[in-house]
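Text of model39.txt (compact mmCIF, C-alpha atoms) as supplied:
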# COMPACT_ATOMS: atom_id res chain seq x y z
CA MET A 134 -8.13 -33.43 12.13
CA GLN A 135 -7.24 -30.48 14.25
CA PRO A 136 -6.13 -27.45 12.22
CA LYS A 137 -2.42 -26.75 12.44
CA THR A 138 -1.46 -23.87 14.71
CA ARG A 139 1.21 -21.67 13.23
CA PRO A 140 4.25 -20.94 15.43
CA ILE A 141 3.39 -17.24 15.35
CA GLN A 142 -0.01 -17.99 16.87
CA ARG A 143 1.50 -19.94 19.75
CA PHE A 144 4.01 -17.12 20.17
CA ALA A 145 1.26 -14.50 20.23
CA GLN A 146 -0.68 -16.53 22.80
CA ALA A 147 2.32 -16.77 25.09
CA VAL A 148 3.08 -13.05 24.78
CA GLY A 149 -0.58 -12.29 25.45
CA LYS A 150 -0.29 -13.85 28.91
CA CYS A 151 2.26 -11.25 29.99
CA THR A 152 0.24 -8.05 29.76
CA PRO A 153 1.33 -6.57 33.14
CA GLU A 154 5.02 -7.01 32.32
CA ALA A 155 4.48 -5.71 28.80
CA THR A 156 2.77 -2.60 30.16
CA LEU A 157 5.69 -1.93 32.50
CA TYR A 158 8.18 -2.31 29.66
CA GLY A 159 6.06 -0.20 27.33
CA LYS A 160 5.78 2.58 29.91
CA CYS A 161 9.54 2.56 30.39
CA VAL A 162 10.22 2.93 26.66
CA VAL A 163 7.48 5.44 25.97
CA ALA A 164 8.31 7.59 29.02
CA ASP A 165 11.16 9.30 27.17
CA TYR A 166 11.12 7.99 23.63
CA ASN A 167 13.13 10.86 22.17
CA SER A 168 16.25 9.70 23.93
CA ILE A 169 15.95 5.98 23.43
CA HIS A 170 19.16 3.97 23.44
CA LYS A 171 20.19 0.34 23.60
CA ASP A 172 19.25 -1.48 26.80
CA LYS A 173 17.50 1.57 28.20
CA CYS A 174 14.84 -0.71 29.63
CA ALA A 175 16.84 -3.95 29.82
CA LYS A 176 15.60 -4.76 33.31
CA GLU A 177 11.94 -4.45 32.38
CA PHE A 178 12.51 -6.38 29.17
CA LEU A 179 14.15 -9.30 30.97
CA LYS A 180 11.14 -9.55 33.27
CA LEU A 181 8.85 -9.56 30.23
CA LYS A 182 10.95 -12.18 28.51
CA ASP A 183 11.08 -14.41 31.60
CA CYS A 184 7.31 -14.26 31.75
CA TYR A 185 7.04 -15.09 28.03
CA LEU A 186 9.44 -18.04 28.37
CA ALA A 187 7.45 -19.41 31.29
CA ALA A 188 4.19 -18.96 29.38
CA ALA A 189 5.61 -20.62 26.27
CA LYS A 190 6.75 -23.67 28.25
CA ALA A 191 3.56 -24.10 30.20
CA PRO A 192 1.28 -26.84 28.81
CA LYS A 193 -1.93 -25.56 27.26
CA MET B 202 48.41 5.32 9.06
CA ARG B 203 47.38 7.22 6.00
CA LEU B 204 46.93 3.99 4.09
CA ASN B 205 44.59 2.63 6.69
CA LEU B 206 42.50 5.76 6.64
CA ALA B 207 42.00 5.55 2.90
CA ARG B 208 40.84 2.00 3.23
CA VAL B 209 38.35 2.91 5.92
CA CYS B 210 36.95 5.77 3.90
CA ARG B 211 36.28 3.72 0.80
CA PRO B 212 32.85 2.12 1.03
CA GLN B 213 34.07 -1.20 -0.33
CA ASN B 214 32.23 -3.39 2.12
CA LEU B 215 28.82 -2.09 1.21
CA SER B 216 27.57 -5.01 -0.81
CA ARG B 217 24.24 -3.34 -1.51
CA PRO B 218 23.59 0.34 -0.98
CA LEU B 219 20.19 1.33 0.33
CA LEU B 220 19.14 3.06 -2.83
CA ALA B 221 20.80 1.57 -5.88
CA PRO B 222 20.21 3.24 -9.25
CA THR B 223 18.92 0.70 -11.72
CA THR B 224 20.69 -0.33 -14.85
CA PRO B 225 19.57 1.78 -17.80
CA ARG B 226 16.60 0.41 -19.68
CA ARG B 227 14.27 1.54 -22.41
CA SER B 228 11.19 3.35 -21.29
CA TYR B 229 9.00 6.26 -22.18
CA ALA B 230 10.71 9.60 -21.87
CA PHE B 231 8.78 11.17 -19.03
CA GLN B 232 11.44 13.55 -17.78
CA ALA B 233 14.74 14.97 -18.86
CA ALA B 234 17.48 12.36 -19.08
CA GLY B 235 19.96 12.21 -16.26
CA GLY B 236 17.60 11.78 -13.34
CA PRO B 237 18.36 8.30 -12.05
CA VAL B 238 15.44 6.00 -11.30
CA PHE B 239 15.88 4.80 -7.76
CA GLU B 240 15.06 1.29 -6.84
CA VAL B 241 13.44 1.09 -3.43
CA PHE B 242 11.51 -2.15 -3.60
CA ASN B 243 12.62 -5.59 -4.58
CA ARG B 244 10.09 -6.47 -7.27
CA ARG B 245 10.98 -10.15 -7.23
CA THR B 246 10.46 -10.38 -3.48
CA LYS B 247 7.12 -8.66 -3.88
CA TRP B 248 6.14 -11.10 -6.61
CA LEU B 249 7.10 -14.07 -4.43
CA GLN B 250 5.15 -12.66 -1.49
CA LYS B 251 2.04 -12.20 -3.61
CA GLU B 252 2.37 -15.68 -5.09
CA ARG B 253 2.68 -17.13 -1.61
CA ALA B 254 -0.24 -15.13 -0.33
CA GLY B 255 -2.38 -16.26 -3.26
CA ALA B 256 -1.42 -19.91 -2.76
CA ASP B 257 -3.08 -19.98 0.67
CA VAL B 258 -6.56 -19.39 -0.73
CA GLU B 259 -8.46 -19.41 2.54
CA ARG B 260 -6.20 -17.09 4.49
CA SER B 261 -5.80 -14.63 1.65
CA ARG B 262 -9.58 -14.48 1.14
CA GLU B 263 -10.00 -13.74 4.83
CA ALA B 264 -7.47 -10.92 4.62
CA ASP B 265 -9.05 -9.38 1.54
CA TYR B 266 -11.27 -7.03 3.59
CA LEU B 267 -9.01 -4.04 3.07
CA LYS B 268 -8.51 -4.52 -0.66
CA ASP B 269 -12.23 -5.16 -1.20
CA GLU B 270 -13.15 -2.03 0.72
CA ILE B 271 -10.70 0.16 -1.20
CA ALA B 272 -11.72 -1.39 -4.52
CA SER B 273 -15.36 -0.57 -3.83
CA ARG B 274 -14.43 3.00 -2.91
CA VAL B 275 -12.54 3.31 -6.19
CA CYS B 276 -15.51 1.96 -8.11
CA GLU B 277 -17.88 4.36 -6.36
CA ARG B 278 -16.13 7.14 -8.19
CA LEU B 279 -17.42 5.68 -11.44
CA LEU B 280 -20.96 6.69 -10.46
CA ASP B 281 -20.04 10.28 -11.29
CA ILE B 282 -19.08 9.53 -14.88
CA LYS B 283 -22.11 9.08 -17.11
CA ARG B 284 -20.53 7.16 -19.90
CA HIS B 285 -20.07 3.65 -21.27
CA PHE B 286 -16.58 2.17 -21.24
CA PRO B 287 -15.94 -0.48 -23.91
CA ARG B 288 -12.46 -1.51 -22.66
CA VAL B 289 -11.07 -0.93 -19.18
CA LEU B 290 -7.69 -1.85 -17.71
CA ASP B 291 -7.30 -2.80 -14.06
CA LEU B 292 -3.59 -2.38 -13.41
CA GLY B 293 -2.28 -4.37 -10.48
CA ALA B 294 -5.51 -6.27 -10.02
CA ASN B 295 -4.39 -8.44 -7.05
CA SER B 296 -7.18 -11.03 -6.84
CA CYS B 297 -9.52 -9.04 -9.14
CA ASN B 298 -10.94 -7.07 -6.21
CA ILE B 299 -12.08 -4.33 -8.58
CA ALA B 300 -13.93 -6.80 -10.79
CA ARG B 301 -15.73 -8.16 -7.74
CA ALA B 302 -16.65 -4.67 -6.55
CA LEU B 303 -17.93 -3.76 -10.01
CA THR B 304 -20.25 -6.74 -10.19
CA GLN B 305 -21.82 -6.04 -6.81
CA GLU B 306 -25.37 -4.76 -6.95
CA ASN B 307 -26.33 -1.41 -5.57
CA PRO B 308 -23.00 0.40 -5.41
CA ASP B 309 -24.65 3.49 -3.89
CA PRO B 310 -26.88 2.26 -1.08
CA ASP B 311 -29.62 4.81 -0.57
CA PRO B 312 -32.87 3.58 0.99
CA ALA B 313 -34.88 6.23 -0.88
CA MET B 314 -33.75 4.94 -4.27
CA PRO B 315 -34.57 1.62 -5.91
CA ILE B 316 -31.75 -0.92 -6.03
CA SER B 317 -29.36 0.18 -8.74
CA PRO B 318 -27.70 -2.27 -11.13
CA PRO B 319 -24.01 -3.13 -10.63
CA LEU B 320 -21.47 -0.81 -12.17
CA SER B 321 -20.26 -3.54 -14.49
CA THR B 322 -23.16 -2.70 -16.82
CA LYS B 323 -21.14 0.36 -17.79
CA ILE B 324 -18.21 -1.76 -18.91
CA THR B 325 -17.93 -4.21 -21.79
CA GLU B 326 -14.50 -5.68 -21.17
CA LEU B 327 -12.30 -5.49 -18.10
CA VAL B 328 -8.65 -6.45 -18.54
CA ALA B 329 -7.32 -7.40 -15.11
CA ALA B 330 -3.52 -7.31 -15.19
CA ASP B 331 -1.20 -8.39 -12.40
CA SER B 332 2.25 -9.90 -12.17
CA SER B 333 1.24 -12.64 -9.74
CA GLU B 334 -0.54 -15.41 -11.62
CA THR B 335 -1.61 -17.35 -8.52
CA LEU B 336 -3.26 -14.34 -6.93
CA LEU B 337 -4.83 -13.21 -10.20
CA TYR B 338 -6.49 -16.58 -10.91
CA ARG B 339 -7.33 -17.28 -7.27
CA ASP B 340 -11.01 -16.42 -7.69
CA ALA B 341 -11.36 -17.28 -11.39
CA GLU B 342 -13.99 -19.95 -10.59
CA LEU B 343 -16.21 -17.79 -8.39
CA PRO B 344 -19.70 -16.75 -9.60
CA PHE B 345 -18.89 -13.02 -9.89
CA ASN B 346 -16.82 -13.75 -12.99
CA THR B 347 -19.87 -14.71 -15.02
CA SER B 348 -22.72 -13.08 -13.09
CA THR B 349 -22.88 -10.03 -15.39
CA ASP B 350 -22.30 -9.28 -19.05
CA MET B 351 -18.89 -7.75 -18.35
CA THR B 352 -16.10 -9.91 -19.76
CA ILE B 353 -13.14 -10.29 -17.40
CA THR B 354 -9.86 -11.00 -19.18
CA ARG B 355 -6.97 -11.90 -16.93
CA HIS B 356 -3.55 -10.87 -18.13
CA VAL B 357 -0.34 -11.89 -16.36
CA LEU B 358 2.20 -9.09 -16.55
CA ALA B 359 5.90 -9.79 -16.74
CA ASP B 360 6.53 -6.65 -14.72
CA GLU B 361 4.05 -4.12 -13.41
CA GLU B 362 6.42 -1.32 -14.26
CA SER B 363 6.14 -1.80 -18.01
CA ILE B 364 2.62 -1.91 -19.42
CA PRO B 365 2.55 -4.10 -22.55
CA PHE B 366 -0.47 -2.47 -24.24
CA GLY B 367 -0.52 -0.22 -27.26
CA PRO B 368 -1.08 3.53 -27.10
CA ALA B 369 -4.69 4.75 -26.91
CA SER B 370 -6.09 1.25 -26.35
CA PHE B 371 -8.23 1.75 -23.22
CA ASP B 372 -11.25 3.84 -22.31
CA MET B 373 -10.35 3.88 -18.64
CA VAL B 374 -7.57 2.67 -16.37
CA LEU B 375 -8.30 1.66 -12.78
CA SER B 376 -5.74 0.74 -10.17
CA SER B 377 -6.28 -0.18 -6.56
CA MET B 378 -3.75 -1.08 -3.88
CA SER B 379 -0.76 -1.91 -6.00
CA MET B 380 0.96 1.30 -7.06
CA HIS B 381 2.63 1.75 -3.69
CA TRP B 382 4.98 -1.08 -4.65
CA VAL B 383 6.11 0.57 -7.87
CA ASN B 384 9.67 1.85 -7.98
CA ASP B 385 9.25 4.12 -10.95
CA LEU B 386 5.97 5.86 -10.22
CA PRO B 387 6.45 8.75 -12.71
CA GLY B 388 7.25 6.25 -15.46
CA VAL B 389 4.23 4.06 -14.73
CA LEU B 390 1.90 7.06 -14.63
CA ALA B 391 3.27 8.24 -17.98
CA GLN B 392 2.65 4.76 -19.42
CA ILE B 393 -0.90 4.75 -18.07
CA ASN B 394 -1.48 8.11 -19.73
CA ASN B 395 -0.12 6.63 -22.93
CA VAL B 396 -2.51 3.65 -23.06
CA LEU B 397 -5.54 5.91 -22.47
CA LYS B 398 -7.61 7.31 -25.32
CA PRO B 399 -8.14 11.09 -25.41
CA ASP B 400 -10.55 12.41 -22.75
CA CYS B 401 -10.48 9.14 -20.79
CA PRO B 402 -9.92 8.89 -17.04
CA PHE B 403 -7.40 7.15 -14.84
CA ILE B 404 -8.83 6.39 -11.41
CA GLY B 405 -6.38 5.00 -8.89
CA ALA B 406 -5.89 4.42 -5.20
CA MET B 407 -2.80 3.46 -3.30
CA LEU B 408 -1.46 3.50 0.22
CA GLY B 409 0.54 6.53 1.17
CA GLY B 410 1.39 9.12 3.75
CA ASP B 411 1.11 7.91 7.31
CA THR B 412 0.00 4.38 6.52
CA LEU B 413 0.94 2.02 9.34
CA PHE B 414 2.77 4.75 11.25
CA GLU B 415 1.91 2.96 14.51
CA LEU B 416 3.71 -0.19 13.41
CA ARG B 417 6.58 1.81 12.00
CA THR B 418 7.21 3.76 15.19
CA SER B 419 6.82 0.77 17.53
CA LEU B 420 9.25 -1.31 15.52
CA GLN B 421 11.71 1.57 15.40
CA LEU B 422 11.57 2.08 19.17
CA ALA B 423 11.78 -1.64 19.85
CA GLU B 424 14.79 -2.17 17.59
CA GLN B 425 16.49 0.90 18.96
CA GLU B 426 16.03 -0.29 22.52
CA ARG B 427 16.83 -3.96 21.95
CA LYS B 428 19.51 -3.79 19.28
CA GLY B 429 20.72 -0.21 19.28
CA GLY B 430 19.88 0.40 15.62
CA MET B 431 17.08 0.01 13.15
CA SER B 432 16.33 -1.21 9.65
CA PRO B 433 13.35 -0.32 7.49
CA HIS B 434 10.27 -2.50 8.11
CA VAL B 435 7.55 -0.30 6.68
CA SER B 436 7.83 1.03 3.12
CA PRO B 437 8.56 4.65 2.36
CA LEU B 438 5.33 5.92 0.84
CA ALA B 439 4.31 8.75 -1.44
CA ASP B 440 2.76 11.79 0.19
CA THR B 441 -0.47 13.39 -0.93
CA ARG B 442 1.21 16.50 -2.26
CA ASP B 443 3.72 14.41 -4.23
CA VAL B 444 0.95 12.58 -6.04
CA GLY B 445 -0.52 15.75 -7.53
CA GLY B 446 2.89 16.74 -8.88
CA LEU B 447 3.49 13.25 -10.26
CA LEU B 448 0.16 13.17 -12.08
CA GLN B 449 0.84 16.57 -13.56
CA LYS B 450 4.31 15.52 -14.63
CA ALA B 451 2.86 12.45 -16.36
CA GLY B 452 0.65 14.73 -18.47
CA PHE B 453 -2.75 14.14 -16.85
CA LYS B 454 -5.31 16.95 -16.93
CA MET B 455 -8.13 17.92 -14.56
CA LEU B 456 -6.57 16.25 -11.55
CA THR B 457 -8.35 15.23 -8.37
CA VAL B 458 -6.36 13.94 -5.40
CA ASP B 459 -7.93 13.16 -2.07
CA VAL B 460 -7.09 11.21 1.03
CA GLU B 461 -9.04 8.80 3.18
CA ASP B 462 -8.03 7.09 6.38
CA ILE B 463 -9.20 3.60 7.21
CA ILE B 464 -8.43 2.57 10.77
CA VAL B 465 -8.62 -1.12 11.53
CA ASP B 466 -8.42 -2.50 15.09
CA TYR B 467 -6.44 -5.67 15.73
CA PRO B 468 -6.08 -7.72 18.92
CA ASP B 469 -2.28 -7.48 18.82
CA SER B 470 0.54 -6.57 16.46
CA PHE B 471 1.02 -10.22 15.48
CA ALA B 472 -2.48 -10.40 14.08
CA LEU B 473 -1.78 -7.26 12.07
CA MET B 474 1.48 -8.69 10.70
CA GLN B 475 -0.17 -12.02 9.86
CA ASP B 476 -2.92 -10.24 7.95
CA LEU B 477 -0.42 -8.07 6.09
CA GLN B 478 1.37 -11.25 5.09
CA ALA B 479 -1.85 -12.87 3.92
CA MET B 480 -2.58 -9.77 1.83
CA GLY B 481 0.85 -10.08 0.24
CA GLU B 482 1.69 -6.66 1.63
CA ASN B 483 4.77 -7.66 3.61
CA ASN B 484 7.99 -5.72 3.57
CA ALA B 485 9.84 -5.75 0.25
CA ILE B 486 12.29 -2.88 0.67
CA LEU B 487 15.63 -3.53 -1.00
CA GLY B 488 17.67 -2.39 1.98
CA ARG B 489 15.81 -4.45 4.53
CA GLU B 490 17.43 -6.79 6.94
CA MET B 491 17.22 -10.34 5.66
CA GLY B 492 15.40 -12.94 7.70
CA GLY B 493 12.54 -12.34 10.07
CA LEU B 494 12.41 -10.08 13.07
CA SER B 495 13.91 -11.61 16.17
CA ARG B 496 11.53 -12.71 18.92
CA ASP B 497 12.99 -10.14 21.32
CA VAL B 498 12.15 -7.30 18.94
CA LEU B 499 8.67 -8.72 18.30
CA ILE B 500 7.89 -8.96 22.02
CA ALA B 501 9.24 -5.46 22.61
CA ALA B 502 7.39 -3.95 19.63
CA ASP B 503 4.09 -5.47 20.70
CA ALA B 504 4.46 -4.02 24.21
CA ILE B 505 5.36 -0.58 22.83
CA TYR B 506 2.53 -0.67 20.26
CA HIS B 507 0.00 -1.34 23.03
CA GLU B 508 1.44 1.36 25.26
CA LEU B 509 1.98 4.09 22.68
CA HIS B 510 -1.03 3.65 20.39
CA GLY B 511 -3.29 1.05 22.00
CA ASN B 512 -7.03 1.50 22.51
CA GLU B 513 -8.71 1.44 25.91
CA ASP B 514 -10.07 -2.07 25.38
CA GLY B 515 -6.64 -3.58 24.75
CA THR B 516 -6.83 -3.68 20.96
CA ILE B 517 -4.47 -1.77 18.70
CA PRO B 518 -5.39 0.50 15.80
CA ALA B 519 -3.67 0.39 12.42
CA THR B 520 -4.10 3.34 10.08
CA PHE B 521 -4.25 2.83 6.34
CA ARG B 522 -4.13 6.13 4.47
CA ILE B 523 -5.45 5.80 0.96
CA ILE B 524 -4.55 8.36 -1.67
CA HIS B 525 -7.20 8.50 -4.36
CA MET B 526 -6.25 10.05 -7.66
CA ILE B 527 -8.14 10.87 -10.80
CA GLY B 528 -6.50 12.25 -13.93
CA TRP B 529 -7.77 12.63 -17.47
CA HIS B 530 -5.95 12.11 -20.72
CA GLU B 531 -5.68 15.38 -22.57
CA SER B 532 -8.24 16.15 -25.23
CA ALA B 533 -9.06 19.21 -27.33
CA ASP B 534 -12.65 19.52 -26.11
CA GLN B 535 -11.83 19.47 -22.39
CA ALA B 536 -12.37 22.48 -20.17
CA LYS B 537 -9.07 24.27 -19.77
CA PRO B 538 -7.89 27.12 -17.56
CA LEU B 539 -7.71 30.45 -19.37
CA PRO B 540 -4.26 31.81 -20.19
CA ARG B 541 -2.51 33.92 -17.58
CA GLY B 542 -3.42 37.59 -17.63
CA SER B 543 -6.60 37.10 -19.66
CA GLY B 544 -8.95 38.15 -16.85
CA ASP B 545 -10.92 41.37 -17.40
CA ILE B 546 -12.09 41.97 -13.85
CA ASN B 547 -9.74 42.84 -11.06
CA LEU B 548 -10.68 40.50 -8.24
CA LYS B 549 -9.48 42.98 -5.65
CA ASP B 550 -11.90 45.65 -6.93
CA PHE B 551 -14.67 43.07 -7.21
CA PHE B 552 -14.44 41.94 -3.62
CA GLU B 553 -14.06 45.48 -2.29
CA LYS B 554 -17.20 46.58 -4.15
CA THR B 555 -19.29 43.71 -2.86
CA LYS B 556 -18.34 44.44 0.73
Starting from the coordinates I provided, produce the structure as structure tokens.
Amino acid sequence: MQPKTRPIQRFAQAVGKCTPEATLYGKCVVADYNSIHKDKCAKEFLKLKDCYLAAAKAPK
Amino acid sequence: MRLNLARVCRPQNLSRPLLAPTTPRRSYAFQAAGGPVFEVFNRRTKWLQKERAGADVERSREADYLKDEIASRVCERLLDIKRHFPRVLDLGANSCNIARALTQENPDPDPAMPISPPLSTKITELVAADSSETLLYRDAELPFNTSTDMTITRHVLADEESIPFGPASFDMVLSSMSMHWVNDLPGVLAQINNVLKPDCPFIGAMLGGDTLFELRTSLQLAEQERKGGMSPHVSPLADTRDVGGLLQKAGFKMLTVDVEDIIVDYPDSFALMQDLQAMGENNAILGREMGGLSRDVLIAADAIYHELHGNEDGTIPATFRIIHMIGWHESADQAKPLPRGSGDINLKDFFEKTK
């Protein structure tokens, strides 16, 4: 029997496919982290999330 | 208008304040009455987390690398004490990591020396006490339990904050990786001092200082950016300089406090969080937000962790800062500092003459 994959592992795999988007988002947050506020990097985050959603849906 | 203001000012909707003073209870008098004991951690949550971690035997054994490493570093300190210990307490034993480290051969690997016997030859009986029964008995069937002459007695504690042993009943107290979950650290240290015989050591290690600061900062930034506010996800921890004061307050003599950093690399922040969970070291702060982190925050935190702290090769480092402490129970024949003003030589003159 195949060992059960935990949801967090599938989640981590999907997020791992979006490194370029994650780097962009990370750079945006880290650029000026002393004045962080809500939705400072909303645009970059939405791109990252779109990528994650696509990766999560894609068949393995 | 005035009525409304009064209602707004009264904090009636706060169902649980961040730091709630506990209900009074009987304990050893370790400081003047009146100082409230703050409750930071939810002990029941911690207990549940440890039970759960212990129930998944395979995963929790895999994640034992940190506790095993710290336990062996604690036990190394025993090499300096040339003495036999008839009865030793391991407080907060987790899965008996200290017992395993003690029974390992050759605690001080030196190619020039012949293989030395395990440290357990110095100990007759080891009482391993922990509140989580599942975790404590997880490895009860493994060969290290019977491989040496040291007897391992497992004792399930009702609560790690009250030690149910009589005064002066142990020749040494060890503790590794559990005191950072104690609410009442001064009280527990005073109790440890109480169960020790005169001129007997307490050797402990716990997480403190900047432990997991990478995870802490990434989660803070991610929550701030995604949600516009943050809640505690990494425990507040004791600082090195606090520990010295605490030991002194508890009545220990001849103190030694030192700090070590262990940096572990993980592929991503999820692997780190999974391992923390398997260790039973997940968040148990009273004021934490209930339920898991949202996926948005997790995705954001992972990206920030990689960007802010990540290594060149795409892995992420996690710092564990271990505070080691040694204190001795007071005894008449211990070396003591001379009283103030009893010096005969003026140090200023001495150093000026030798110039």
Query raised in the report: How many Å lie between CA of Gln449 in chain B and CA of Ile463 in chain B, rounded to one decimal?
Result: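 If I compute the distance from CA of Gln449 in chain B to CA of Ile463 in chain B, I get 26.5 Å.
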Report task. Could you tell me which of A:Gln146, A:Leu179, A:Ala191, A:Ile169 comes closest to chain B if we count only C-alpha atoms? Result ->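 With only C-alpha atoms as the atom set, the closest residue is A:Ile169.
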Show me, as a JSON list (two decimals) with C-alpha atoms, in the frame of the given file, the residues of chain B whose atoms get within 10 Å of chain A, using all atoms listed in the file for the distance check.
[["chain", "number", "residue", "atom", "x", "y", "z"],
["B", 419, "SER", "CA", 6.82, 0.77, 17.53],
["B", 422, "LEU", "CA", 11.57, 2.08, 19.17],
["B", 423, "ALA", "CA", 11.78, -1.64, 19.85],
["B", 424, "GLU", "CA", 14.79, -2.17, 17.59],
["B", 425, "GLN", "CA", 16.49, 0.90, 18.96],
["B", 426, "GLU", "CA", 16.03, -0.29, 22.52],
["B", 427, "ARG", "CA", 16.83, -3.96, 21.95],
["B", 428, "LYS", "CA", 19.51, -3.79, 19.28],
["B", 429, "GLY", "CA", 20.72, -0.21, 19.28],
["B", 430, "GLY", "CA", 19.88, 0.40, 15.62],
["B", 468, "PRO", "CA", -6.08, -7.72, 18.92],
["B", 469, "ASP", "CA", -2.28, -7.48, 18.82],
["B", 470, "SER", "CA", 0.54, -6.57, 16.46],
["B", 471, "PHE", "CA", 1.02, -10.22, 15.48],
["B", 472, "ALA", "CA", -2.48, -10.40, 14.08],
["B", 474, "MET", "CA", 1.48, -8.69, 10.70],
["B", 475, "GLN", "CA", -0.17, -12.02, 9.86],
["B", 496, "ARG", "CA", 11.53, -12.71, 18.92],
["B", 497, "ASP", "CA", 12.99, -10.14, 21.32],
["B", 499, "LEU", "CA", 8.67, -8.72, 18.30],
["B", 500, "ILE", "CA", 7.89, -8.96, 22.02],
["B", 501, "ALA", "CA", 9.24, -5.46, 22.61],
["B", 502, "ALA", "CA", 7.39, -3.95, 19.63],
["B", 503, "ASP", "CA", 4.09, -5.47, 20.70],
["B", 504, "ALA", "CA", 4.46, -4.02, 24.21],
["B", 505, "ILE", "CA", 5.36, -0.58, 22.83],
["B", 506, "TYR", "CA", 2.53, -0.67, 20.26],
["B", 507, "HIS", "CA", 0.00, -1.34, 23.03],
["B", 508, "GLU", "CA", 1.44, 1.36, 25.26],
["B", 509, "LEU", "CA", 1.98, 4.09, 22.68],
["B", 515, "GLY", "CA", -6.64, -3.58, 24.75]]
Requested in this report: Compile the contact shell of range 274-278 of chain B as a PyMOL selection string: residues with an atom at most 7 Å away, counting only C-alpha atoms, same-chain residues fewer than 6 positions apart removed.
Outcome: chain B and resi 302-303+308+405-406
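Close contacts of Leu358 in chain B, defined as residues with an atom at most 10 Å away when counting all atoms listed in the file, with chain neighbours fewer than 3 positions off set aside, comprise B:Leu292, B:Gly293, B:Ala329, B:Ala330, B:Asp331, B:Ser332, B:Ser333, B:Glu334, B:Arg355, B:Glu361, B:Glu362, B:Ser363, B:Ile364, B:Pro365.
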Report task. Neighbourhood query: residues within 6 Å of (0.7, 10.7, -14.4), file coordinates, counting only C-alpha atoms; return as a PyMOL selection string. Result -> chain B and resi 390-391+447-449+451-453
